[in-house]
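K.L.:
The structure under discussion is supplied below as structure tokens; questions concerning it will follow.
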Amino acid sequence: MILCCGEALIDMIPEPTLGGSDGYVPRSGGAIFNTAIGLGRLGCRTGLLSGISTDMFGHQLMADLRASNVETHWVIRSERPTTLAFVKLSEGHASYSFFDENSAGRMIATDDLPGNVGDVSALYFGGISLACDPGAETYMQFAQMHAGNCVVMVDPNIRPSFVTDEPNFRNRIERMLKLADIVKVSDEDLNWIIPTTDALETKVAQLCSLGPSVVILTRGSSGAQAWLPDGQSVFVASRKVNVVDTVGAGDTFNAGVLAGLSEAGVLTKSAMQTVSVRVIERAIEFGAQVAAINVSRAGANPPWRDEL
């Protein structure tokens with residue numbers, strides 16, 4: 001089982017009203033939520049560990065999880081409000097304004113965490129849930145508790161405008177990357193994490209030195225490349241499609257990669273340390289395939305297995 005650990009929120013998506021001006025439509029989202037949905041739709045056994053409100057938006061999130069076959073018994077419910085992310089689209093690219101103070105997702109604590117993870121084989125972390133305490137440190141501690149037995153994948157998915165304590169956030173991201181078996185970063189993420197003028201490949205080498213078995217660098221329409229512990233790398237081109245918007249693109253890509261690795265039988269600590277270039281290549285190709293379908297339609301809407 002793959003357990004996705006992090007934010008579930010409502011994306012307020014602009015859509016034209018009958019009067020002509022834009023209104024906002026509430027769509028279920030959040031980086032970690034989207035990946036869980038993607039995995040569930042691809043037929044992988046998956047669950048979500050997140051704080052979700054009992055308000056109207058929380059009910060929407062829970063219903064959408066169940067509809068996509070995501071197990072919800074890990075969810076931490078509370079009466080605190082749901083995080084809202086108002087989305088602005090410019091030529092298909094999304095920027096966000098977050099409303100997260102005292103939210104159900106942000107305020108989870110270590111006392112809320114499950115005592116054991118049962119048959120969970122892999123943990124997935126990232127997104128804005130690593131940016132704001134106390135929830136961010138709660139996820140950090142959960143990762144530390146179980147990284148010895150579970151494969152850990154981290155996608156920082158950094159939103160600079162959401163970071164209020166940059167030194168603390170940088171420290172937490174570095175600690176998470178040291179725990180990870182798989183790190184996926186966009187070129188924008190990598191340049192934020194390592195703000196130097198070095199080439200991207202040099203920065204990737206710095207990430208590899210932290211200890212992950214696989215580092216994946218995505219460059220949008222320019223494709224993705226992965227590096228393995230023995231220094232080998234593999235490049236996969238992106239699929240060419242008519243892009244409607246990029247909301248949830250990276251999240252869906254991650255779902256495809258995790259699904260591909262799961263189906264190859266390599267989501268174990270030992271297998272990831274010796275994983276072959278061909279297995280990683282196939283997993284990234286699958287990630288690119290499902291991400292291409294997602295960006296060809298509005299919002300975060302990962303494909304079902306029978307759409308592939």
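Within each chain, counting starts at residue 1; across the structure tokens, chains are named A, B, ... in the order shown, with ligands numbered 1 upward in that order.
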If you count only C-alpha atoms, which residues fall within 7 Å of segment 223-240 of chain A, apart from same-chain ones fewer than 3 positions away, as a list in words?

P.N.:
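The filter keeps Ser213, Val214, Val215, Ile216, Leu217, Thr218, Arg219, Gly220, Val277, Glu281, Ile284, Glu285, Ala288, Gln289 and Ala292 of chain A.
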
K.L.:
How about saving the chosen residues, all heavy atoms kept, as a tab-separated table (two decimals), in the first residue's frame?

P.N.:
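Result file again_14.tsv:
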```tsv
chain	number	residue	atom	x	y	z
A	213	SER	N	18.11	7.10	-3.53
A	213	SER	CA	18.48	6.13	-4.56
A	213	SER	C	18.21	6.65	-5.96
A	213	SER	O	18.92	6.32	-6.91
A	213	SER	CB	17.71	4.82	-4.33
A	213	SER	OG	18.06	4.24	-3.11
A	214	VAL	N	17.15	7.46	-6.09
A	214	VAL	CA	16.76	7.99	-7.40
A	214	VAL	C	16.41	9.47	-7.26
A	214	VAL	O	15.67	9.84	-6.34
A	214	VAL	CB	15.55	7.23	-7.98
A	214	VAL	CG1	15.12	7.83	-9.32
A	214	VAL	CG2	15.85	5.75	-8.13
A	215	VAL	N	16.94	10.30	-8.14
A	215	VAL	CA	16.55	11.70	-8.23
A	215	VAL	C	15.97	11.93	-9.62
A	215	VAL	O	16.61	11.61	-10.63
A	215	VAL	CB	17.73	12.66	-7.99
A	215	VAL	CG1	17.32	14.10	-8.27
A	215	VAL	CG2	18.25	12.53	-6.57
A	216	ILE	N	14.76	12.47	-9.67
A	216	ILE	CA	14.07	12.74	-10.94
A	216	ILE	C	13.92	14.24	-11.09
A	216	ILE	O	13.40	14.91	-10.19
A	216	ILE	CB	12.68	12.07	-10.97
A	216	ILE	CG1	12.80	10.56	-10.75
A	216	ILE	CG2	11.99	12.36	-12.31
A	216	ILE	CD1	11.46	9.87	-10.53
A	217	LEU	N	14.37	14.77	-12.22
A	217	LEU	CA	14.24	16.19	-12.53
A	217	LEU	C	13.27	16.36	-13.69
A	217	LEU	O	13.47	15.78	-14.76
A	217	LEU	CB	15.60	16.78	-12.90
A	217	LEU	CG	15.62	18.23	-13.39
A	217	LEU	CD1	15.23	19.19	-12.26
A	217	LEU	CD2	16.99	18.60	-13.96
A	218	THR	N	12.20	17.12	-13.46
A	218	THR	CA	11.23	17.38	-14.54
A	218	THR	C	11.39	18.80	-15.05
A	218	THR	O	11.69	19.72	-14.28
A	218	THR	CB	9.79	17.17	-14.05
A	218	THR	OG1	9.53	18.04	-12.94
A	218	THR	CG2	9.57	15.73	-13.60
A	219	ARG	N	11.19	18.96	-16.35
A	219	ARG	CA	11.34	20.27	-16.99
A	219	ARG	C	10.14	20.58	-17.88
A	219	ARG	O	10.29	21.12	-18.98
A	219	ARG	CB	12.62	20.32	-17.81
A	219	ARG	CG	13.88	19.93	-17.04
A	219	ARG	CD	15.13	20.10	-17.87
A	219	ARG	NE	16.25	19.37	-17.30
A	219	ARG	CZ	17.50	19.39	-17.81
A	219	ARG	NH1	17.76	20.07	-18.89
A	219	ARG	NH2	18.45	18.70	-17.23
A	220	GLY	N	8.95	20.26	-17.39
A	220	GLY	CA	7.74	20.57	-18.15
A	220	GLY	C	7.75	19.91	-19.51
A	220	GLY	O	7.97	18.70	-19.64
A	277	VAL	N	18.05	0.94	-14.56
A	277	VAL	CA	17.70	2.08	-15.41
A	277	VAL	C	16.41	1.81	-16.17
A	277	VAL	O	15.56	2.69	-16.32
A	277	VAL	CB	18.85	2.38	-16.39
A	277	VAL	CG1	18.39	3.36	-17.47
A	277	VAL	CG2	20.05	2.96	-15.65
A	281	GLU	N	13.10	4.03	-16.18
A	281	GLU	CA	12.66	4.61	-17.45
A	281	GLU	C	11.19	4.31	-17.71
A	281	GLU	O	10.41	5.21	-18.08
A	281	GLU	CB	13.51	4.07	-18.59
A	281	GLU	CG	13.15	4.66	-19.95
A	281	GLU	CD	14.02	4.10	-21.06
A	281	GLU	OE1	14.45	2.92	-20.96
A	281	GLU	OE2	14.29	4.83	-22.02
A	284	ILE	N	8.96	6.39	-15.37
A	284	ILE	CA	8.88	7.80	-15.78
A	284	ILE	C	8.04	7.94	-17.05
A	284	ILE	O	7.26	8.89	-17.20
A	284	ILE	CB	10.28	8.40	-15.97
A	284	ILE	CG1	11.01	8.43	-14.63
A	284	ILE	CG2	10.20	9.81	-16.55
A	284	ILE	CD1	12.45	8.90	-14.73
A	285	GLU	N	8.18	7.00	-17.97
A	285	GLU	CA	7.34	7.02	-19.17
A	285	GLU	C	5.87	6.94	-18.81
A	285	GLU	O	5.03	7.63	-19.39
A	285	GLU	CB	7.73	5.87	-20.10
A	285	GLU	CG	9.05	6.07	-20.82
A	285	GLU	CD	9.48	4.85	-21.62
A	285	GLU	OE1	8.94	3.74	-21.35
A	285	GLU	OE2	10.35	4.99	-22.50
A	288	ALA	N	4.80	10.26	-17.42
A	288	ALA	CA	4.59	11.22	-18.49
A	288	ALA	C	3.28	10.98	-19.23
A	288	ALA	O	2.58	11.92	-19.63
A	288	ALA	CB	5.76	11.16	-19.48
A	289	GLN	N	2.92	9.70	-19.39
A	289	GLN	CA	1.68	9.36	-20.08
A	289	GLN	C	0.46	9.87	-19.31
A	289	GLN	O	-0.44	10.50	-19.89
A	289	GLN	CB	1.60	7.85	-20.27
A	289	GLN	CG	0.33	7.39	-21.00
A	289	GLN	CD	0.22	5.88	-21.10
A	289	GLN	OE1	1.03	5.15	-20.52
A	289	GLN	NE2	-0.77	5.41	-21.83
A	292	ALA	N	0.24	13.71	-19.20
A	292	ALA	CA	-0.20	14.29	-20.47
A	292	ALA	C	-1.72	14.32	-20.57
A	292	ALA	O	-2.31	15.28	-21.08
A	292	ALA	CB	0.40	13.52	-21.64
```

K.L.:
Please produce, as JSON lines, a per-residue contact table for segment 110-212 of chain A versus segment 11-32 of chain A (criterion: any atom at most 12 Å away, only C-alpha atoms considered), showing the nearest atom pair and its distance in Å to one decimal, sorted by chain then residue number.

P.N.:
```
{"residue": "A:Leu123", "atom": "CA", "partner": "A:Ile32", "partner_atom": "CA", "distance": 10.9}
{"residue": "A:Tyr124", "atom": "CA", "partner": "A:Ile32", "partner_atom": "CA", "distance": 7.8}
{"residue": "A:Phe125", "atom": "CA", "partner": "A:Ile32", "partner_atom": "CA", "distance": 7.1}
{"residue": "A:Gly126", "atom": "CA", "partner": "A:Ile32", "partner_atom": "CA", "distance": 6.9}
{"residue": "A:Gly127", "atom": "CA", "partner": "A:Ala31", "partner_atom": "CA", "distance": 5.6}
{"residue": "A:Ile128", "atom": "CA", "partner": "A:Ala31", "partner_atom": "CA", "distance": 7.9}
{"residue": "A:Ser129", "atom": "CA", "partner": "A:Ile32", "partner_atom": "CA", "distance": 8.6}
{"residue": "A:Leu130", "atom": "CA", "partner": "A:Ile32", "partner_atom": "CA", "distance": 10.9}
{"residue": "A:Met153", "atom": "CA", "partner": "A:Ile32", "partner_atom": "CA", "distance": 11.4}
{"residue": "A:Val154", "atom": "CA", "partner": "A:Ile32", "partner_atom": "CA", "distance": 10.4}
{"residue": "A:Asp155", "atom": "CA", "partner": "A:Ala31", "partner_atom": "CA", "distance": 9.2}
{"residue": "A:Pro156", "atom": "CA", "partner": "A:Ala31", "partner_atom": "CA", "distance": 9.9}
{"residue": "A:Asn157", "atom": "CA", "partner": "A:Ala31", "partner_atom": "CA", "distance": 7.9}
{"residue": "A:Ile158", "atom": "CA", "partner": "A:Ala31", "partner_atom": "CA", "distance": 10.5}
{"residue": "A:Arg159", "atom": "CA", "partner": "A:Ala31", "partner_atom": "CA", "distance": 11.1}
```

K.L.:
Keeping N, CA, C and O atoms, export the residues of the selection given above as a PDB file, in the first residue's frame.

P.N.:
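Okay, part_23.pdb is ready:
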```
ATOM      1  N   LEU A 123       5.763   5.673   1.469  1.00  0.00           N
ATOM      2  CA  LEU A 123       5.213   6.934   1.969  1.00  0.00           C
ATOM      3  C   LEU A 123       5.581   8.038   1.000  1.00  0.00           C
ATOM      4  O   LEU A 123       6.728   8.115   0.528  1.00  0.00           O
ATOM      5  N   TYR A 124       4.618   8.914   0.723  1.00  0.00           N
ATOM      6  CA  TYR A 124       4.835  10.024  -0.208  1.00  0.00           C
ATOM      7  C   TYR A 124       4.581  11.335   0.521  1.00  0.00           C
ATOM      8  O   TYR A 124       3.536  11.508   1.171  1.00  0.00           O
ATOM      9  N   PHE A 125       5.539  12.272   0.439  1.00  0.00           N
ATOM     10  CA  PHE A 125       5.447  13.560   1.118  1.00  0.00           C
ATOM     11  C   PHE A 125       5.750  14.693   0.143  1.00  0.00           C
ATOM     12  O   PHE A 125       6.394  14.494  -0.889  1.00  0.00           O
ATOM     13  N   GLY A 126       5.339  15.911   0.530  1.00  0.00           N
ATOM     14  CA  GLY A 126       5.689  17.087  -0.263  1.00  0.00           C
ATOM     15  C   GLY A 126       4.666  18.186  -0.140  1.00  0.00           C
ATOM     16  O   GLY A 126       3.819  18.193   0.756  1.00  0.00           O
ATOM     17  N   GLY A 127       4.741  19.122  -1.090  1.00  0.00           N
ATOM     18  CA  GLY A 127       3.741  20.182  -1.169  1.00  0.00           C
ATOM     19  C   GLY A 127       3.797  21.181  -0.028  1.00  0.00           C
ATOM     20  O   GLY A 127       4.751  21.228   0.757  1.00  0.00           O
ATOM     21  N   ILE A 128       2.735  21.967   0.090  1.00  0.00           N
ATOM     22  CA  ILE A 128       2.711  23.024   1.090  1.00  0.00           C
ATOM     23  C   ILE A 128       2.591  22.476   2.504  1.00  0.00           C
ATOM     24  O   ILE A 128       2.820  23.204   3.472  1.00  0.00           O
ATOM     25  N   SER A 129       2.267  21.191   2.643  1.00  0.00           N
ATOM     26  CA  SER A 129       2.145  20.610   3.983  1.00  0.00           C
ATOM     27  C   SER A 129       3.485  20.563   4.700  1.00  0.00           C
ATOM     28  O   SER A 129       3.521  20.361   5.920  1.00  0.00           O
ATOM     29  N   LEU A 130       4.605  20.746   3.989  1.00  0.00           N
ATOM     30  CA  LEU A 130       5.917  20.785   4.633  1.00  0.00           C
ATOM     31  C   LEU A 130       6.360  22.206   4.959  1.00  0.00           C
ATOM     32  O   LEU A 130       7.451  22.404   5.494  1.00  0.00           O
ATOM     33  N   MET A 153       9.172   8.747  -0.815  1.00  0.00           N
ATOM     34  CA  MET A 153       9.300   9.635  -1.966  1.00  0.00           C
ATOM     35  C   MET A 153       8.938  11.045  -1.530  1.00  0.00           C
ATOM     36  O   MET A 153       7.950  11.252  -0.820  1.00  0.00           O
ATOM     37  N   VAL A 154       9.758  12.011  -1.952  1.00  0.00           N
ATOM     38  CA  VAL A 154       9.535  13.413  -1.599  1.00  0.00           C
ATOM     39  C   VAL A 154       9.523  14.255  -2.864  1.00  0.00           C
ATOM     40  O   VAL A 154      10.431  14.156  -3.700  1.00  0.00           O
ATOM     41  N   ASP A 155       8.494  15.076  -3.007  1.00  0.00           N
ATOM     42  CA  ASP A 155       8.432  16.104  -4.046  1.00  0.00           C
ATOM     43  C   ASP A 155       8.205  17.435  -3.340  1.00  0.00           C
ATOM     44  O   ASP A 155       7.082  17.726  -2.933  1.00  0.00           O
ATOM     45  N   PRO A 156       9.236  18.261  -3.170  1.00  0.00           N
ATOM     46  CA  PRO A 156       9.074  19.514  -2.414  1.00  0.00           C
ATOM     47  C   PRO A 156       7.975  20.429  -2.971  1.00  0.00           C
ATOM     48  O   PRO A 156       7.303  21.117  -2.211  1.00  0.00           O
ATOM     49  N   ASN A 157       7.822  20.455  -4.323  1.00  0.00           N
ATOM     50  CA  ASN A 157       6.747  21.225  -4.957  1.00  0.00           C
ATOM     51  C   ASN A 157       6.627  22.605  -4.319  1.00  0.00           C
ATOM     52  O   ASN A 157       5.569  23.004  -3.830  1.00  0.00           O
ATOM     53  N   ILE A 158       7.710  23.341  -4.343  1.00  0.00           N
ATOM     54  CA  ILE A 158       7.851  24.553  -3.529  1.00  0.00           C
ATOM     55  C   ILE A 158       7.008  25.709  -4.081  1.00  0.00           C
ATOM     56  O   ILE A 158       7.040  26.002  -5.283  1.00  0.00           O
ATOM     57  N   ARG A 159       6.256  26.351  -3.175  1.00  0.00           N
ATOM     58  CA  ARG A 159       5.513  27.573  -3.470  1.00  0.00           C
ATOM     59  C   ARG A 159       6.168  28.692  -2.650  1.00  0.00           C
ATOM     60  O   ARG A 159       5.840  28.872  -1.479  1.00  0.00           O
TER      61      ARG A 159
END
```

K.L.:
Could you check the closest approach to Ala67 of chain A for each of A:Arg41, A:Pro114, A:Val185, A:Lys88 and tell me which residue wins, using only C-alpha atoms?

P.N.:
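Counting only C-alpha atoms, the residue closest to Ala67 of chain A is A:Arg41.
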
K.L.:
Output as a count of residues only all residues of segment 26-154 of chain A that backbone DSSP marks as strand (DSSP E).

P.N.:
39

K.L.:
Which residues are close to Glu71 of chain A, i.e. within 8 Å by only C-alpha atoms, leaving aside same-chain residues fewer than 4 positions away? Reply as a list of chain:residue names.

P.N.:
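So, after excluding close chain neighbours, the residues are A:Arg45, A:Thr46, A:Gly47, A:Leu48, A:Leu65, A:Arg66.
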
K.L.:
Emit the selected residues as a PDB file, in the first residue's frame, including C-alpha atoms.

P.N.:
```
ATOM      1  CA  ARG A  45      -4.013   0.442  -3.227  1.00  0.00           C
ATOM      2  CA  THR A  46      -3.500   3.855  -1.652  1.00  0.00           C
ATOM      3  CA  GLY A  47      -4.528   5.928   1.343  1.00  0.00           C
ATOM      4  CA  LEU A  48      -4.324   9.537   2.462  1.00  0.00           C
ATOM      5  CA  LEU A  65     -11.352  10.389  -2.151  1.00  0.00           C
ATOM      6  CA  ARG A  66     -13.801   7.517  -1.799  1.00  0.00           C
TER       7      ARG A  66
END
```

K.L.:
I'd like to know which residues of segment 106-277 of chain A are helix (DSSP H, G or I) (by DSSP, run on the backbone); could you write them as a PyMOL selection string?

P.N.:
chain A and resi 110-112+127-130+135-146+160-162+166-179+187-193+200-208+220-222+249-263+269-273+277

K.L.:
Sort by chain and increasing residue number a table of all residues of segment 62-110 of chain A within 10 Å of segment 50-53 of chain A, each with its closest pair of atoms and their distance in Å to one decimal, counting only C-alpha atoms, and write it as CSV.

P.N.:
```
residue,atom,partner,partner_atom,distance
A:Met62,CA,A:Ile52,CA,8.0
A:Thr72,CA,A:Ser50,CA,9.2
A:Trp74,CA,A:Ser50,CA,7.3
A:Val75,CA,A:Ser50,CA,5.2
A:Ile76,CA,A:Gly51,CA,4.6
A:Arg77,CA,A:Ile52,CA,5.0
A:Ser78,CA,A:Ser53,CA,5.0
A:Glu79,CA,A:Ser53,CA,5.5
A:Arg80,CA,A:Ser53,CA,5.7
A:Pro81,CA,A:Ser53,CA,5.7
A:Thr82,CA,A:Ser53,CA,5.5
A:Thr83,CA,A:Ser53,CA,8.9
A:Ser103,CA,A:Ser53,CA,7.9
A:Ala104,CA,A:Gly51,CA,5.1
A:Gly105,CA,A:Gly51,CA,4.0
A:Arg106,CA,A:Gly51,CA,7.2
A:Met107,CA,A:Gly51,CA,7.6
A:Ile108,CA,A:Gly51,CA,6.1
A:Ala109,CA,A:Gly51,CA,9.6
```

K.L.:
Using all heavy atoms, can you write the selected residues to a file as a short mmCIF file (atom, residue, chain, number, x, y, z; two decimals), in the first residue's frame?

P.N.:
```
data_model
loop_
_atom_site.label_atom_id
_atom_site.label_comp_id
_atom_site.auth_asym_id
_atom_site.auth_seq_id
_atom_site.Cartn_x
_atom_site.Cartn_y
_atom_site.Cartn_z
N MET A 62 -13.69 14.28 1.23
CA MET A 62 -13.85 12.88 1.61
C MET A 62 -14.62 12.10 0.55
O MET A 62 -14.26 10.96 0.21
CB MET A 62 -14.55 12.78 2.96
CG MET A 62 -13.75 13.34 4.14
SD MET A 62 -12.26 12.39 4.49
CE MET A 62 -12.97 10.91 5.22
N THR A 72 -9.62 6.07 3.39
CA THR A 72 -9.72 7.30 4.19
C THR A 72 -9.60 7.08 5.69
O THR A 72 -9.75 8.02 6.45
CB THR A 72 -11.06 8.00 3.90
OG1 THR A 72 -12.14 7.11 4.24
CG2 THR A 72 -11.17 8.41 2.44
N TRP A 74 -7.10 6.77 7.43
CA TRP A 74 -5.95 7.49 7.96
C TRP A 74 -6.24 8.97 8.17
O TRP A 74 -5.44 9.68 8.79
CB TRP A 74 -4.77 7.37 6.99
CG TRP A 74 -4.37 5.99 6.64
CD1 TRP A 74 -4.83 5.24 5.59
CD2 TRP A 74 -3.43 5.16 7.32
NE1 TRP A 74 -4.25 4.00 5.57
CE2 TRP A 74 -3.37 3.93 6.63
CE3 TRP A 74 -2.61 5.34 8.44
CZ2 TRP A 74 -2.53 2.89 7.02
CZ3 TRP A 74 -1.79 4.30 8.83
CH2 TRP A 74 -1.75 3.09 8.13
N VAL A 75 -7.34 9.46 7.63
CA VAL A 75 -7.65 10.90 7.68
C VAL A 75 -7.95 11.34 9.11
O VAL A 75 -8.63 10.65 9.86
CB VAL A 75 -8.84 11.22 6.76
CG1 VAL A 75 -9.33 12.65 6.98
CG2 VAL A 75 -8.44 11.02 5.30
N ILE A 76 -7.43 12.52 9.47
CA ILE A 76 -7.63 13.12 10.79
C ILE A 76 -8.68 14.22 10.65
O ILE A 76 -8.43 15.25 10.04
CB ILE A 76 -6.31 13.70 11.33
CG1 ILE A 76 -5.24 12.60 11.40
CG2 ILE A 76 -6.52 14.36 12.69
CD1 ILE A 76 -3.81 13.14 11.45
N ARG A 77 -9.88 13.99 11.17
CA ARG A 77 -10.98 14.95 11.02
C ARG A 77 -11.00 15.95 12.18
O ARG A 77 -10.69 15.61 13.33
CB ARG A 77 -12.34 14.23 10.97
CG ARG A 77 -12.49 13.18 9.91
CD ARG A 77 -12.34 13.69 8.49
NE ARG A 77 -13.28 14.72 8.10
CZ ARG A 77 -14.51 14.50 7.61
NH1 ARG A 77 -14.95 13.26 7.50
NH2 ARG A 77 -15.29 15.50 7.24
N SER A 78 -11.38 17.19 11.90
CA SER A 78 -11.54 18.21 12.94
C SER A 78 -12.53 19.25 12.45
O SER A 78 -12.89 19.30 11.27
CB SER A 78 -10.21 18.87 13.28
OG SER A 78 -9.83 19.82 12.29
N GLU A 79 -12.97 20.12 13.37
CA GLU A 79 -13.92 21.17 13.03
C GLU A 79 -13.23 22.43 12.52
O GLU A 79 -13.90 23.42 12.20
CB GLU A 79 -14.78 21.51 14.25
CG GLU A 79 -15.68 20.35 14.69
CD GLU A 79 -16.54 20.71 15.89
OE1 GLU A 79 -16.37 21.82 16.45
OE2 GLU A 79 -17.38 19.88 16.27
N ARG A 80 -11.91 22.42 12.44
CA ARG A 80 -11.20 23.58 11.89
C ARG A 80 -11.53 23.73 10.40
O ARG A 80 -11.93 22.78 9.74
CB ARG A 80 -9.70 23.42 12.10
CG ARG A 80 -9.29 23.44 13.57
CD ARG A 80 -7.76 23.44 13.69
NE ARG A 80 -7.36 23.57 15.08
CZ ARG A 80 -7.06 22.56 15.87
NH1 ARG A 80 -7.15 21.31 15.41
NH2 ARG A 80 -6.68 22.76 17.12
N PRO A 81 -11.32 24.93 9.82
CA PRO A 81 -11.72 25.15 8.42
C PRO A 81 -10.81 24.45 7.43
O PRO A 81 -9.68 24.06 7.74
CB PRO A 81 -11.63 26.67 8.27
CG PRO A 81 -10.61 27.09 9.30
CD PRO A 81 -10.82 26.16 10.46
N THR A 82 -11.32 24.31 6.22
CA THR A 82 -10.56 23.75 5.11
C THR A 82 -9.66 24.81 4.50
O THR A 82 -10.06 25.97 4.35
CB THR A 82 -11.52 23.22 4.02
OG1 THR A 82 -12.33 22.18 4.59
CG2 THR A 82 -10.78 22.69 2.82
N THR A 83 -8.44 24.43 4.13
CA THR A 83 -7.55 25.33 3.40
C THR A 83 -8.13 25.63 2.02
O THR A 83 -8.59 24.74 1.31
CB THR A 83 -6.16 24.70 3.23
OG1 THR A 83 -5.61 24.46 4.53
CG2 THR A 83 -5.24 25.60 2.44
N SER A 103 -6.06 25.96 9.94
CA SER A 103 -6.86 25.02 9.14
C SER A 103 -6.75 23.60 9.69
O SER A 103 -5.84 23.26 10.45
CB SER A 103 -6.40 25.03 7.69
OG SER A 103 -5.10 24.47 7.58
N ALA A 104 -7.68 22.76 9.26
CA ALA A 104 -7.68 21.36 9.68
C ALA A 104 -6.42 20.64 9.24
O ALA A 104 -5.90 19.77 9.95
CB ALA A 104 -8.91 20.65 9.10
N GLY A 105 -5.92 20.99 8.07
CA GLY A 105 -4.71 20.34 7.58
C GLY A 105 -3.45 20.81 8.27
O GLY A 105 -2.57 20.01 8.60
N ARG A 106 -3.38 22.09 8.52
CA ARG A 106 -2.15 22.66 9.09
C ARG A 106 -1.97 22.31 10.56
O ARG A 106 -0.84 22.19 11.04
CB ARG A 106 -2.21 24.19 8.94
CG ARG A 106 -1.00 24.92 9.48
CD ARG A 106 -1.10 26.39 9.15
NE ARG A 106 0.00 27.15 9.68
CZ ARG A 106 0.21 28.45 9.43
NH1 ARG A 106 -0.62 29.10 8.64
NH2 ARG A 106 1.25 29.08 9.95
N MET A 107 -3.04 22.13 11.29
CA MET A 107 -2.96 22.03 12.75
C MET A 107 -2.87 20.60 13.28
O MET A 107 -3.02 20.38 14.48
CB MET A 107 -4.17 22.74 13.38
CG MET A 107 -4.27 24.22 13.04
SD MET A 107 -2.76 25.16 13.44
CE MET A 107 -2.80 25.07 15.22
N ILE A 108 -2.62 19.62 12.42
CA ILE A 108 -2.46 18.27 12.95
C ILE A 108 -1.19 18.20 13.81
O ILE A 108 -0.21 18.90 13.56
CB ILE A 108 -2.42 17.19 11.85
CG1 ILE A 108 -1.20 17.35 10.95
CG2 ILE A 108 -3.70 17.21 11.03
CD1 ILE A 108 -0.98 16.17 10.03
N ALA A 109 -1.22 17.33 14.82
CA ALA A 109 -0.12 17.20 15.77
C ALA A 109 0.33 15.75 15.86
O ALA A 109 -0.35 14.83 15.37
CB ALA A 109 -0.55 17.70 17.15
#
```

K.L.:
List as a list in words the protein and nucleic acid residues near Met145 of chain A, meaning an atom at most 12 Å away when only C-alpha atoms are counted, but skip any in the same chain fewer than 2 places from it.

P.N.:
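Those residues are Thr110, Leu113, Pro114, Gly115, Asn116, Val117, Leu123, Thr138, Tyr139, Met140, Gln141, Phe142, Ala143, Ala147, Gly148, Asn149, Cys150, Val152 and Leu179 of chain A.
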
K.L.:
Grab the residues selected above and save them as a CSV table (one decimal), in the first residue's frame with C-alpha atoms.

P.N.:
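out-v7.csv, written as the output of this step:
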```
chain,number,residue,atom,x,y,z
A,110,THR,CA,2.0,14.2,16.6
A,113,LEU,CA,-0.6,10.2,14.1
A,114,PRO,CA,-1.3,6.4,13.9
A,115,GLY,CA,0.9,4.2,16.1
A,116,ASN,CA,1.9,1.9,13.2
A,117,VAL,CA,1.5,1.8,9.4
A,123,LEU,CA,5.2,6.9,2.0
A,138,THR,CA,4.3,16.5,12.4
A,139,TYR,CA,4.8,15.1,8.8
A,140,MET,CA,8.6,15.3,9.4
A,141,GLN,CA,8.4,13.2,12.5
A,142,PHE,CA,6.1,10.7,10.8
A,143,ALA,CA,8.7,10.3,8.0
A,147,ALA,CA,11.7,5.8,6.8
A,148,GLY,CA,13.6,2.8,8.1
A,149,ASN,CA,11.0,0.3,6.8
A,150,CYS,CA,9.1,2.2,4.1
A,152,VAL,CA,10.0,7.4,1.1
A,179,LEU,CA,15.3,10.5,4.5
```

K.L.:
Need to verify the contact set: Asn168 of chain A, 12 Å, only C-alpha atoms, exclusion of same-chain residues closer than 5 positions in sequence. Can you return it as a tab-separated table (two decimals) with C-alpha atoms, in the first residue's frame?

P.N.:
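Contents of around_34.tsv, freshly written:
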```tsv
chain	number	residue	atom	x	y	z
A	130	LEU	CA	5.92	20.78	4.63
A	131	ALA	CA	5.93	24.59	4.83
A	132	CYS	CA	3.85	25.56	7.87
A	133	ASP	CA	3.98	24.38	11.47
A	136	ALA	CA	4.88	20.41	8.74
A	137	GLU	CA	6.90	19.18	11.68
A	163	VAL	CA	6.99	30.11	2.85
A	173	ILE	CA	13.40	20.20	3.23
A	174	GLU	CA	17.04	19.13	3.60
A	175	ARG	CA	16.10	16.73	6.40
```
